[in-house]
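Q: Below is upload17.csv; it holds CSV, C-alpha atoms and all ligand atoms.
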```csv
chain,number,residue,atom,x,y,z
Q,383,MET,CA,34.0,-43.5,-13.1
Q,384,ASP,CA,37.2,-41.4,-13.5
Q,385,MET,CA,37.9,-39.3,-10.5
Q,386,ARG,CA,40.2,-36.4,-11.5
Q,387,CYS,CA,40.3,-32.8,-10.3
Q,388,LYS,CA,38.4,-30.6,-12.8
Q,389,ILE,CA,40.6,-27.6,-12.0
Q,390,CYS,CA,44.2,-29.0,-12.0
Q,391,ASP,CA,43.8,-32.6,-13.2
Q,392,GLY,CA,45.2,-33.8,-9.8
Q,393,LEU,CA,44.6,-37.4,-8.7
Q,394,LEU,CA,45.0,-37.2,-5.0
Q,395,PHE,CA,42.1,-36.3,-2.8
Q,396,LYS,CA,41.1,-35.8,0.8
Q,397,TYR,CA,37.7,-37.2,1.9
Q,398,ILE,CA,35.8,-34.3,3.6
Q,399,GLY,CA,32.4,-36.0,4.4
Q,400,LYS,CA,28.9,-36.7,3.3
Q,401,PRO,CA,26.7,-33.8,2.2
Q,402,ARG,CA,23.5,-32.9,4.0
Q,403,THR,CA,20.4,-33.2,1.9
Q,404,ASN,CA,17.3,-31.1,1.7
Q,405,PRO,CA,14.2,-33.3,1.3
Q,406,VAL,CA,13.3,-31.6,-2.0
Q,407,PHE,CA,16.0,-33.8,-3.6
Q,408,PRO,CA,14.5,-37.3,-3.1
Q,409,ARG,CA,15.6,-38.6,-6.5
Q,410,ILE,CA,19.3,-38.2,-6.1
Q,411,LEU,CA,19.4,-39.7,-2.6
Q,412,LYS,CA,19.9,-43.0,-4.3
Q,413,ASN,CA,23.5,-42.1,-5.1
Q,414,ASP,CA,26.2,-42.3,-2.4
Q,415,TYR,CA,27.5,-38.8,-2.7
Q,416,ARG,CA,30.7,-37.7,-1.0
Q,417,ILE,CA,32.6,-34.5,-0.7
Q,418,PHE,CA,36.3,-34.4,-1.5
Q,419,GLN,CA,39.1,-31.9,-1.7
Q,420,CYS,CA,42.0,-31.9,-4.3
Q,421,GLN,CA,45.3,-32.2,-2.5
Q,422,ARG,CA,47.1,-30.2,-5.1
Q,423,CYS,CA,44.9,-27.1,-5.7
Q,424,ASP,CA,42.4,-27.3,-2.8
Q,425,TYR,CA,39.3,-27.4,-5.0
Q,426,TYR,CA,36.2,-29.0,-3.2
Q,427,PHE,CA,33.8,-31.1,-5.2
Q,428,ILE,CA,31.2,-33.8,-5.0
Q,429,PHE,CA,31.6,-37.3,-6.3
Q,430,PRO,CA,29.9,-38.9,-8.1
Q,431,GLU,CA,28.8,-36.0,-10.1
Q,432,ILE,CA,25.2,-34.8,-9.7
Q,433,ASP,CA,23.2,-35.7,-12.8
Q,434,LEU,CA,20.4,-33.0,-12.6
Q,435,SER,CA,19.6,-31.5,-16.0
Q,436,GLN,CA,19.6,-27.8,-16.6
Q,437,GLU,CA,15.8,-27.8,-16.6
Q,438,GLU,CA,15.8,-29.5,-13.1
Q,439,TRP,CA,18.2,-27.0,-11.7
Q,440,LYS,CA,16.2,-24.2,-13.2
Q,441,LYS,CA,13.2,-25.3,-11.2
Q,442,PHE,CA,15.1,-25.1,-7.9
Q,443,TYR,CA,16.6,-21.7,-8.8
Q,444,GLU,CA,13.2,-20.2,-9.7
Q,445,THR,CA,11.3,-21.4,-6.7
Q,446,ASP,CA,14.0,-21.4,-4.0
Q,447,TYR,CA,17.1,-19.5,-4.7
Q,448,PHE,CA,16.0,-15.9,-4.2
Q,449,GLN,CA,13.8,-16.7,-1.2
Q,450,VAL,CA,16.9,-18.1,0.6
Q,451,ALA,CA,18.7,-14.9,-0.1
Q,452,LYS,CA,15.9,-12.9,1.7
Q,453,GLN,CA,17.4,-9.5,2.1
Q,454,THR,CA,16.6,-6.6,4.5
Q,455,GLN,CA,17.0,-3.0,3.3
Q,456,TRP,CA,20.3,-3.0,5.1
Q,457,HIS,CA,21.6,-6.0,3.1
Q,458,LYS,CA,20.3,-4.4,-0.1
Q,459,ARG,CA,22.3,-1.2,0.6
Q,460,ILE,CA,25.5,-3.1,1.3
Q,461,ARG,CA,25.0,-5.2,-1.8
Q,462,GLN,CA,24.5,-2.1,-3.9
Q,463,LYS,CA,27.6,-0.5,-2.5
Q,464,GLU,CA,29.6,-3.6,-3.2
Q,465,ARG,CA,28.3,-3.9,-6.8
Q,466,ILE,CA,29.4,-0.4,-7.6
Q,467,GLU,CA,32.8,-0.8,-6.0
Q,468,ARG,CA,33.4,-4.0,-8.0
Q,469,LEU,CA,32.3,-2.5,-11.2
Q,470,GLU,CA,34.7,0.4,-10.7
Q,471,LEU,CA,37.5,-2.1,-10.0
Q,472,LEU,CA,36.6,-4.0,-13.2
Q,473,GLU,CA,36.5,-0.7,-15.1
Q,474,ASN,CA,39.9,0.3,-13.9
Q,475,SER,CA,41.4,-3.1,-14.9
Q,476,LEU,CA,40.4,-2.6,-18.6
Q,477,LYS,CA,43.2,-1.9,-21.0
Q,478,ILE,CA,40.7,-1.2,-23.7
Q,479,ALA,CA,37.7,1.2,-24.2
Q,480,LYS,CA,34.5,0.3,-22.4
Q,481,GLY,CA,32.2,-1.6,-24.7
Q,482,LYS,CA,29.9,-4.6,-24.4
Q,483,PHE,CA,29.5,-5.9,-20.8
Q,484,LEU,CA,28.2,-9.4,-20.0
Q,485,ASP,CA,26.7,-10.3,-16.6
Q,486,MET,CA,26.8,-14.1,-16.4
Q,487,GLY,CA,23.9,-15.0,-14.1
Q,488,CYS,CA,22.2,-11.6,-14.2
Q,489,GLY,CA,19.2,-12.4,-11.9
Q,490,GLU,CA,17.1,-9.3,-11.5
Q,491,GLY,CA,19.5,-7.2,-13.5
Q,492,LEU,CA,20.8,-4.9,-10.8
Q,493,VAL,CA,24.4,-5.2,-12.1
Q,494,LEU,CA,23.3,-4.5,-15.6
Q,495,LYS,CA,21.7,-1.2,-14.5
Q,496,ASN,CA,24.8,-0.1,-12.7
Q,497,ALA,CA,27.0,-1.1,-15.6
Q,498,GLU,CA,24.9,1.0,-17.9
Q,499,LEU,CA,25.3,4.0,-15.7
Q,500,LEU,CA,29.1,3.5,-15.9
Q,501,GLY,CA,28.9,3.7,-19.7
Q,502,PHE,CA,29.0,0.0,-20.6
Q,503,GLU,CA,26.6,-1.6,-23.1
Q,504,PRO,CA,25.1,-4.4,-20.9
Q,505,TYR,CA,24.2,-7.9,-21.9
Q,506,GLY,CA,22.4,-10.3,-19.5
Q,507,LEU,CA,22.4,-14.0,-19.4
Q,508,ASP,CA,20.8,-16.5,-17.0
Q,509,ILE,CA,19.3,-20.0,-16.9
Q,510,ALA,CA,16.2,-18.5,-15.1
Q,511,ARG,CA,14.2,-15.5,-16.0
Q,512,ASN,CA,14.0,-12.9,-13.2
Q,513,LEU,CA,14.3,-9.7,-15.3
Q,514,GLU,CA,11.4,-7.5,-16.1
Q,515,ASN,CA,10.1,-7.8,-19.7
Q,516,THR,CA,11.2,-4.3,-20.7
Q,517,ASP,CA,14.7,-4.9,-19.3
Q,518,SER,CA,15.0,-8.2,-21.3
Q,519,ASP,CA,15.1,-6.3,-24.6
Q,520,ARG,CA,17.1,-3.4,-23.3
Q,521,TYR,CA,19.8,-5.7,-21.9
Q,522,HIS,CA,19.9,-8.2,-24.8
Q,523,PHE,CA,18.8,-10.9,-22.3
Q,524,PHE,CA,19.6,-14.5,-23.2
Q,525,LEU,CA,17.8,-17.3,-21.4
Q,526,GLY,CA,20.1,-20.3,-21.2
Q,527,ASN,CA,23.8,-21.0,-20.6
Q,528,VAL,CA,26.8,-19.3,-22.2
Q,529,PHE,CA,27.4,-22.1,-24.7
Q,530,GLU,CA,23.9,-21.9,-26.0
Q,531,ALA,CA,24.3,-18.1,-26.3
Q,532,ASN,CA,27.3,-18.8,-28.6
Q,533,TYR,CA,28.5,-15.2,-28.6
Q,534,PRO,CA,31.1,-14.3,-31.3
Q,535,ASP,CA,34.8,-14.4,-30.6
Q,536,GLU,CA,36.2,-11.4,-28.7
Q,537,TYR,CA,32.8,-9.8,-28.3
Q,538,PHE,CA,32.9,-8.4,-24.7
Q,539,SER,CA,35.2,-5.8,-23.1
Q,540,ALA,CA,34.2,-6.9,-19.6
Q,541,ILE,CA,32.5,-10.0,-18.1
Q,542,TYR,CA,31.1,-10.1,-14.6
Q,543,MET,CA,30.3,-13.4,-12.8
Q,544,ASP,CA,29.2,-13.1,-9.2
Q,545,SER,CA,28.1,-16.3,-7.3
Q,546,VAL,CA,27.9,-18.4,-10.4
Q,547,LEU,CA,31.1,-20.5,-10.7
Q,548,GLU,CA,30.3,-22.6,-7.6
Q,549,HIS,CA,27.0,-23.7,-9.3
Q,550,LEU,CA,28.4,-25.0,-12.6
Q,551,SER,CA,29.1,-28.6,-13.4
Q,552,ASN,CA,31.7,-27.6,-16.0
Q,553,PRO,CA,33.7,-24.7,-14.4
Q,554,MET,CA,36.8,-24.9,-16.6
Q,555,GLU,CA,34.9,-25.3,-19.9
Q,556,THR,CA,32.9,-22.2,-18.9
Q,557,LEU,CA,36.0,-20.2,-18.0
Q,558,LYS,CA,37.5,-21.1,-21.4
Q,559,GLU,CA,34.3,-20.0,-23.2
Q,560,LEU,CA,34.4,-16.7,-21.3
Q,561,LYS,CA,38.0,-16.2,-22.4
Q,562,ARG,CA,37.0,-16.9,-26.0
Q,563,ILE,CA,34.3,-14.2,-26.0
Q,564,LEU,CA,36.5,-11.7,-24.1
Q,565,LYS,CA,38.4,-9.1,-26.1
Q,566,PRO,CA,42.2,-9.0,-25.7
Q,567,GLY,CA,42.8,-6.3,-23.0
Q,568,GLY,CA,39.4,-7.0,-21.6
Q,569,ALA,CA,38.8,-8.2,-18.0
Q,570,LEU,CA,36.8,-10.9,-16.3
Q,571,LEU,CA,35.6,-10.4,-12.7
Q,572,ILE,CA,34.6,-13.4,-10.6
Q,573,VAL,CA,33.2,-13.6,-7.1
Q,574,VAL,CA,32.9,-16.9,-5.2
Q,575,PRO,CA,32.4,-17.9,-1.6
Q,576,ASN,CA,35.6,-18.7,0.3
Q,577,GLU,CA,35.1,-22.2,1.5
Q,578,ASP,CA,38.0,-21.9,3.8
Q,579,SER,CA,37.0,-18.6,5.4
Q,580,MET,CA,37.5,-18.1,9.1
Q,581,GLU,CA,33.7,-17.8,9.5
Q,582,ASN,CA,33.2,-21.3,7.9
Q,583,SER,CA,35.9,-22.8,10.1
Q,584,PHE,CA,34.4,-21.2,13.2
Q,585,LYS,CA,30.8,-22.4,12.4
Q,586,LYS,CA,32.2,-25.9,11.8
Q,587,LEU,CA,34.0,-25.8,15.2
Q,588,CYS,CA,30.7,-24.6,16.9
Q,589,TYR,CA,28.8,-27.6,15.5
Q,590,ARG,CA,31.6,-29.9,16.6
Q,591,LEU,CA,31.4,-28.5,20.1
Q,592,ILE,CA,27.7,-29.4,20.3
Q,593,PHE,CA,28.4,-32.9,18.9
Q,594,GLN,CA,26.7,-32.1,15.5
Q,595,ALA,CA,29.8,-32.0,13.4
Q,596,GLY,CA,27.9,-33.6,10.5
Q,597,LYS,CA,25.5,-30.7,10.3
Q,598,TYR,CA,27.9,-28.1,9.0
Q,599,GLY,CA,29.9,-29.2,6.0
Q,600,LYS,CA,31.7,-27.8,3.1
Q,601,ILE,CA,29.9,-26.7,-0.1
Q,602,LYS,CA,26.4,-28.1,0.8
Q,603,PRO,CA,25.4,-29.1,-2.8
Q,604,PHE,CA,21.8,-30.3,-1.9
Q,605,ILE,CA,20.8,-27.4,0.3
Q,606,ALA,CA,20.0,-23.9,-1.2
Q,607,PRO,CA,21.9,-22.1,-2.6
Q,608,TYR,CA,23.3,-25.4,-4.0
Q,609,HIS,CA,27.0,-25.0,-4.2
Q,610,ILE,CA,28.2,-28.1,-6.0
Q,611,GLN,CA,31.8,-27.1,-5.7
Q,612,GLY,CA,34.0,-24.9,-3.6
Q,613,PHE,CA,37.0,-22.6,-4.0
Q,614,ASN,CA,39.5,-20.9,-2.0
Q,615,LYS,CA,42.1,-18.4,-3.2
Q,616,LYS,CA,44.5,-21.1,-4.3
Q,617,SER,CA,42.1,-23.1,-6.4
Q,618,LEU,CA,40.4,-20.0,-8.0
Q,619,SER,CA,43.8,-18.5,-9.0
Q,620,HIS,CA,44.9,-21.9,-10.4
Q,621,ALA,CA,41.7,-22.1,-12.5
Q,622,LEU,CA,42.2,-18.6,-14.0
Q,623,LYS,CA,46.0,-18.9,-14.6
Q,624,SER,CA,45.8,-22.4,-16.1
Q,625,ILE,CA,43.5,-21.1,-19.0
Q,626,GLY,CA,46.1,-18.4,-19.7
Q,627,LEU,CA,44.5,-15.3,-18.1
Q,628,ASN,CA,46.5,-12.8,-16.2
Q,629,LEU,CA,45.5,-12.5,-12.6
Q,630,LEU,CA,45.3,-8.7,-11.7
Q,631,VAL,CA,43.3,-8.9,-8.4
Q,632,LEU,CA,42.8,-11.7,-5.9
Q,633,GLN,CA,41.3,-10.6,-2.6
Q,634,ASP,CA,39.0,-11.7,0.1
Q,635,PHE,CA,36.2,-9.5,1.4
Q,636,GLY,CA,32.9,-9.5,3.3
Q,637,GLY,CA,34.1,-9.7,6.9
Q,638,ASN,CA,33.3,-6.2,8.1
Q,639,TYR,CA,29.6,-5.4,7.7
Q,640,PRO,CA,28.5,-2.8,10.3
Q,641,PHE,CA,26.0,-4.8,12.3
Q,642,TRP,CA,24.9,-1.7,14.3
Q,643,LYS,CA,23.3,-0.3,11.2
Q,644,ASN,CA,21.4,-3.5,10.7
Q,645,ASP,CA,17.5,-3.3,10.4
Q,646,ARG,CA,17.3,-6.5,12.5
Q,647,ILE,CA,18.4,-4.8,15.8
Q,648,GLY,CA,17.3,-6.9,18.8
Q,649,SER,CA,16.3,-10.0,16.8
Q,650,LYS,CA,18.1,-13.3,17.1
Q,651,PRO,CA,20.0,-12.9,13.9
Q,652,PHE,CA,21.2,-9.5,15.2
Q,653,PHE,CA,23.0,-11.2,18.1
Q,654,ALA,CA,24.5,-13.7,15.8
Q,655,ASP,CA,25.7,-10.8,13.6
Q,656,ILE,CA,27.5,-9.2,16.6
Q,657,PHE,CA,29.3,-12.4,17.3
Q,658,LEU,CA,30.2,-13.0,13.6
Q,659,TYR,CA,31.4,-9.4,13.4
Q,660,GLY,CA,34.2,-10.3,15.8
Q,661,ILE,CA,35.1,-13.3,13.7
Q,662,GLY,CA,34.9,-11.0,10.7
Q,663,LEU,CA,37.4,-8.6,12.1
Q,664,LEU,CA,39.8,-11.4,12.8
Q,665,SER,CA,39.3,-12.7,9.3
Q,666,ILE,CA,40.3,-9.3,7.9
Q,667,VAL,CA,43.6,-9.5,9.8
Q,668,TRP,CA,44.2,-13.1,8.6
Q,669,LYS,CA,43.0,-12.3,5.1
Q,670,ASN,CA,40.5,-15.0,5.2
Q,671,GLN,CA,37.0,-13.4,4.8
Q,672,ILE,CA,33.9,-15.1,3.5
Q,673,GLN,CA,34.1,-14.2,-0.2
Q,674,ILE,CA,36.8,-14.0,-2.8
Q,675,LEU,CA,37.0,-11.6,-5.7
Q,676,ALA,CA,39.3,-12.1,-8.7
Q,677,ILE,CA,39.9,-10.0,-11.7
Q,678,ALA,CA,41.8,-11.5,-14.7
Q,679,LYS,CA,42.8,-9.9,-17.9
Q,680,LYS,CA,43.1,-11.5,-21.3
Q,701,ZN,ZN,43.0,-29.8,-8.2
```
Please, can you express the file's structure as structure tokens?

A:
Amino acid sequence: MDMRCKICDGLLFKYIGKPRTNPVFPRILKNDYRIFQCQRCDYYFIFPEIDLSQEEWKKFYETDYFQVAKQTQWHKRIRQKERIERLELLENSLKIAKGKFLDMGCGEGLVLKNAELLGFEPYGLDIARNLENTDSDRYHFFLGNVFEANYPDEYFSAIYMDSVLEHLSNPMETLKELKRILKPGGALLIVVPNEDSMENSFKKLCYRLIFQAGKYGKIKPFIAPYHIQGFNKKSLSHALKSIGLNLLVLQDFGGNYPFWKNDRIGSKPFFADIFLYGIGLLSIVWKNQIQILAIAKK
């Protein structure tokens, strides 16, 4: 099988380790999967490729994905604030009038609602249905992937893709398709986890100190939320620039959540939050927080 970087076509890789596997994945245990990093653009990926069908992934996402992301009221408030800030950033990046807005991987439709309030005409797409029925019509919901949706050329003024790219088996083809359906002067917003964040490196170090180095690895493709590839600022900007988009914003975020406003005060995760807050502050200084946000213009 040809081993070539999907992002930059590079041919030199660093071996990172073997992925941990959740017992719900018995079928794929047969393959000898390994995690690598491209030496040229820093992209993390698994080899050989995971051969689950869209239907099989869908089952995992519908049963598992949102339970993993169990959120307290505190988290919900933070997420809401972040969504609005991002949408405003996207709005300010447009060189054209606000028009059709696509949320790639719209989940329960919270972004669509906020986009509508800002004056966009929202469209939702997802491989799993988590929208209310009434919202499905209102937001032109499409069940499936963006290729199946086959939107016309230059259809959307803005496209929003939060926590999706790291799940796709064809990241570059998807980005090219998004470029095709984006209007000239329109903007694409992407959020991905930062694989090389200070928090990740710190957790890895902690596991090493208790002689469990194998337990905390990069990308974790077989454990929810199933990231089958991983980015840092370098690989994400490479991906966007190489398809001919103009990178307007590239920043890390997510390191400074106010733990003292947390609903979980006194619980175990609360103490972990205090500790991680310290790491978070350092990661702000070092510009290496847990998530990356990019906005690119066509
Ligand atoms: Zn590469």

Q: Restrict the calculation to only C-alpha atoms, then for each residue of region 495-593 of chain Q with any atom at most 10 Å from an atom of region 623-639 of chain Q give the closest atom pair and their distance in Å to one decimal, rows by chain and rising residue number, as JSON lines.

A:
```
{"residue": "Q:Met554", "atom": "CA", "partner": "Q:Ile625", "partner_atom": "CA", "distance": 8.1}
{"residue": "Q:Glu555", "atom": "CA", "partner": "Q:Ile625", "partner_atom": "CA", "distance": 9.6}
{"residue": "Q:Leu557", "atom": "CA", "partner": "Q:Ile625", "partner_atom": "CA", "distance": 7.6}
{"residue": "Q:Lys558", "atom": "CA", "partner": "Q:Ile625", "partner_atom": "CA", "distance": 6.5}
{"residue": "Q:Lys561", "atom": "CA", "partner": "Q:Leu627", "partner_atom": "CA", "distance": 7.8}
{"residue": "Q:Ala569", "atom": "CA", "partner": "Q:Leu630", "partner_atom": "CA", "distance": 9.1}
{"residue": "Q:Leu570", "atom": "CA", "partner": "Q:Leu627", "partner_atom": "CA", "distance": 9.0}
{"residue": "Q:Leu571", "atom": "CA", "partner": "Q:Val631", "partner_atom": "CA", "distance": 8.9}
{"residue": "Q:Ile572", "atom": "CA", "partner": "Q:Leu632", "partner_atom": "CA", "distance": 9.6}
{"residue": "Q:Val573", "atom": "CA", "partner": "Q:Asp634", "partner_atom": "CA", "distance": 9.4}
{"residue": "Q:Val574", "atom": "CA", "partner": "Q:Asp634", "partner_atom": "CA", "distance": 9.6}
{"residue": "Q:Pro575", "atom": "CA", "partner": "Q:Asp634", "partner_atom": "CA", "distance": 9.2}
{"residue": "Q:Asn576", "atom": "CA", "partner": "Q:Asp634", "partner_atom": "CA", "distance": 7.8}
{"residue": "Q:Ser579", "atom": "CA", "partner": "Q:Asp634", "partner_atom": "CA", "distance": 8.9}
{"residue": "Q:Met580", "atom": "CA", "partner": "Q:Gly637", "partner_atom": "CA", "distance": 9.3}
{"residue": "Q:Glu581", "atom": "CA", "partner": "Q:Gly637", "partner_atom": "CA", "distance": 8.5}
```

Q: Using all atoms listed in the file and a cutoff of 10 Å, can you tell me which residues are near (25.3, -23.5, -19.9) in the file's coordinates, and write them out as a list in words?

A: Gln436, Leu507, Asp508, Ile509, Leu525, Gly526, Asn527, Val528, Phe529, Glu530, Ala531, Leu550, Ser551, Asn552, Glu555 and Thr556 of chain Q

Q: Find the residues near ligand ZN 701 (chain Q). Use a cut-off of 10 Å, count only C-alpha atoms and all ligand atoms, and write them as JSON, numbers by chain.

A: {"Q": [386, 387, 388, 389, 390, 391, 392, 393, 394, 395, 419, 420, 421, 422, 423, 424, 425, 426, 427, 616, 617, 620, 621]}

Q: Restricting it to C-alpha atoms, dump the selection as a PDB file, keeping the file's coordinate frame.

A:
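What landed in again-v9.pdb:
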```
ATOM      1  CA  ARG Q 386      40.200 -36.400 -11.500  1.00  0.00           C
ATOM      2  CA  CYS Q 387      40.300 -32.800 -10.300  1.00  0.00           C
ATOM      3  CA  LYS Q 388      38.400 -30.600 -12.800  1.00  0.00           C
ATOM      4  CA  ILE Q 389      40.600 -27.600 -12.000  1.00  0.00           C
ATOM      5  CA  CYS Q 390      44.200 -29.000 -12.000  1.00  0.00           C
ATOM      6  CA  ASP Q 391      43.800 -32.600 -13.200  1.00  0.00           C
ATOM      7  CA  GLY Q 392      45.200 -33.800  -9.800  1.00  0.00           C
ATOM      8  CA  LEU Q 393      44.600 -37.400  -8.700  1.00  0.00           C
ATOM      9  CA  LEU Q 394      45.000 -37.200  -5.000  1.00  0.00           C
ATOM     10  CA  PHE Q 395      42.100 -36.300  -2.800  1.00  0.00           C
ATOM     11  CA  GLN Q 419      39.100 -31.900  -1.700  1.00  0.00           C
ATOM     12  CA  CYS Q 420      42.000 -31.900  -4.300  1.00  0.00           C
ATOM     13  CA  GLN Q 421      45.300 -32.200  -2.500  1.00  0.00           C
ATOM     14  CA  ARG Q 422      47.100 -30.200  -5.100  1.00  0.00           C
ATOM     15  CA  CYS Q 423      44.900 -27.100  -5.700  1.00  0.00           C
ATOM     16  CA  ASP Q 424      42.400 -27.300  -2.800  1.00  0.00           C
ATOM     17  CA  TYR Q 425      39.300 -27.400  -5.000  1.00  0.00           C
ATOM     18  CA  TYR Q 426      36.200 -29.000  -3.200  1.00  0.00           C
ATOM     19  CA  PHE Q 427      33.800 -31.100  -5.200  1.00  0.00           C
ATOM     20  CA  LYS Q 616      44.500 -21.100  -4.300  1.00  0.00           C
ATOM     21  CA  SER Q 617      42.100 -23.100  -6.400  1.00  0.00           C
ATOM     22  CA  HIS Q 620      44.900 -21.900 -10.400  1.00  0.00           C
ATOM     23  CA  ALA Q 621      41.700 -22.100 -12.500  1.00  0.00           C
TER      24      ALA Q 621
END
```

Q: Which protein, DNA or RNA residues have an atom at most 9 Å from (28.9, -37.6, -0.7), counting only C-alpha atoms? List them as JSON, numbers by chain.

A: {"Q": [398, 399, 400, 401, 402, 413, 414, 415, 416, 417, 418, 428, 429, 430]}

Q: One decimal, in Å: what's the spacing between CA of Tyr589 (chain Q) and CA of Ala654 (chain Q)?

A: 14.6 Å

Q: Hey, can you check how far CA of Met486 (chain Q) sits from CA of Asn614 (chain Q)?

A: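 Computing the Euclidean distance for CA of Met486 (chain Q) and CA of Asn614 (chain Q) yields 20.4 Å.
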
Q: Rounded to one decimal place, report the CA of Ile677 (chain Q)-CA of Leu560 (chain Q) distance in Å.

A: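 The value is 12.9 Å.
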
Q: Which residues of region 415-521 of chain Q sit at most 12 Å from region 534-541 of chain Q, using only C-alpha atoms? Give each one's shortest atom pair and distance in Å (one decimal place), in chain and ascending residue order, as JSON lines.

A:
```
{"residue": "Q:Arg468", "atom": "CA", "partner": "Q:Ile541", "partner_atom": "CA", "distance": 11.8}
{"residue": "Q:Leu469", "atom": "CA", "partner": "Q:Ala540", "partner_atom": "CA", "distance": 9.7}
{"residue": "Q:Glu470", "atom": "CA", "partner": "Q:Ala540", "partner_atom": "CA", "distance": 11.5}
{"residue": "Q:Leu471", "atom": "CA", "partner": "Q:Ala540", "partner_atom": "CA", "distance": 11.2}
{"residue": "Q:Leu472", "atom": "CA", "partner": "Q:Ala540", "partner_atom": "CA", "distance": 7.4}
{"residue": "Q:Glu473", "atom": "CA", "partner": "Q:Ala540", "partner_atom": "CA", "distance": 8.0}
{"residue": "Q:Asn474", "atom": "CA", "partner": "Q:Ala540", "partner_atom": "CA", "distance": 10.8}
{"residue": "Q:Ser475", "atom": "CA", "partner": "Q:Ala540", "partner_atom": "CA", "distance": 9.4}
{"residue": "Q:Leu476", "atom": "CA", "partner": "Q:Ser539", "partner_atom": "CA", "distance": 7.6}
{"residue": "Q:Lys477", "atom": "CA", "partner": "Q:Ser539", "partner_atom": "CA", "distance": 9.1}
{"residue": "Q:Ile478", "atom": "CA", "partner": "Q:Ser539", "partner_atom": "CA", "distance": 7.2}
{"residue": "Q:Ala479", "atom": "CA", "partner": "Q:Ser539", "partner_atom": "CA", "distance": 7.5}
{"residue": "Q:Lys480", "atom": "CA", "partner": "Q:Ser539", "partner_atom": "CA", "distance": 6.2}
{"residue": "Q:Gly481", "atom": "CA", "partner": "Q:Ser539", "partner_atom": "CA", "distance": 5.4}
{"residue": "Q:Lys482", "atom": "CA", "partner": "Q:Phe538", "partner_atom": "CA", "distance": 4.9}
{"residue": "Q:Phe483", "atom": "CA", "partner": "Q:Ala540", "partner_atom": "CA", "distance": 5.0}
{"residue": "Q:Leu484", "atom": "CA", "partner": "Q:Ile541", "partner_atom": "CA", "distance": 4.7}
{"residue": "Q:Asp485", "atom": "CA", "partner": "Q:Ile541", "partner_atom": "CA", "distance": 6.0}
{"residue": "Q:Met486", "atom": "CA", "partner": "Q:Ile541", "partner_atom": "CA", "distance": 7.2}
{"residue": "Q:Gly487", "atom": "CA", "partner": "Q:Ile541", "partner_atom": "CA", "distance": 10.7}
{"residue": "Q:Cys488", "atom": "CA", "partner": "Q:Ile541", "partner_atom": "CA", "distance": 11.1}
{"residue": "Q:Val493", "atom": "CA", "partner": "Q:Ile541", "partner_atom": "CA", "distance": 11.2}
{"residue": "Q:Leu494", "atom": "CA", "partner": "Q:Ile541", "partner_atom": "CA", "distance": 11.0}
{"residue": "Q:Ala497", "atom": "CA", "partner": "Q:Ala540", "partner_atom": "CA", "distance": 10.1}
{"residue": "Q:Gly501", "atom": "CA", "partner": "Q:Ala540", "partner_atom": "CA", "distance": 11.9}
{"residue": "Q:Phe502", "atom": "CA", "partner": "Q:Ala540", "partner_atom": "CA", "distance": 8.7}
{"residue": "Q:Glu503", "atom": "CA", "partner": "Q:Phe538", "partner_atom": "CA", "distance": 9.4}
{"residue": "Q:Pro504", "atom": "CA", "partner": "Q:Ala540", "partner_atom": "CA", "distance": 9.5}
{"residue": "Q:Tyr505", "atom": "CA", "partner": "Q:Phe538", "partner_atom": "CA", "distance": 9.2}
{"residue": "Q:Gly506", "atom": "CA", "partner": "Q:Ile541", "partner_atom": "CA", "distance": 10.2}
{"residue": "Q:Leu507", "atom": "CA", "partner": "Q:Ile541", "partner_atom": "CA", "distance": 10.9}
```

Q: Compare Q:Lys495, Q:Arg465, Q:Lys679, Q:Lys669 by their minimum atom-to-atom distance to Tyr521 (chain Q), counting only C-alpha atoms, and give me the closest one.

A: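 Counting only C-alpha atoms, the residue closest to Tyr521 (chain Q) is Q:Lys495.
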
Q: Of the candidates Q:Asp578, Q:Leu587, Q:Pro640, Q:Arg520, which shows the shortest atom-to-atom distance to Asn670 (chain Q), using all atoms listed in the file?

A: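 Comparing Q:Asp578, Q:Leu587, Q:Pro640, Q:Arg520 against Asn670 (chain Q), the winner is Q:Asp578.
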
Q: Find the residue from Q:Tyr542, Q:Phe593, Q:Tyr608, Q:Phe652 that sits nearest to Ala676 (chain Q); use all atoms listed in the file when measuring.

A: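 Closest residue, counting all atoms listed in the file: Q:Tyr542.
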
Q: Which residue, Q:Ile610, Q:Lys463, Q:Glu490, Q:Leu513, has the smallest gap to Leu434 (chain Q) when you use only C-alpha atoms?

A: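 Among the listed residues, Q:Ile610 lies closest to Leu434 (chain Q).
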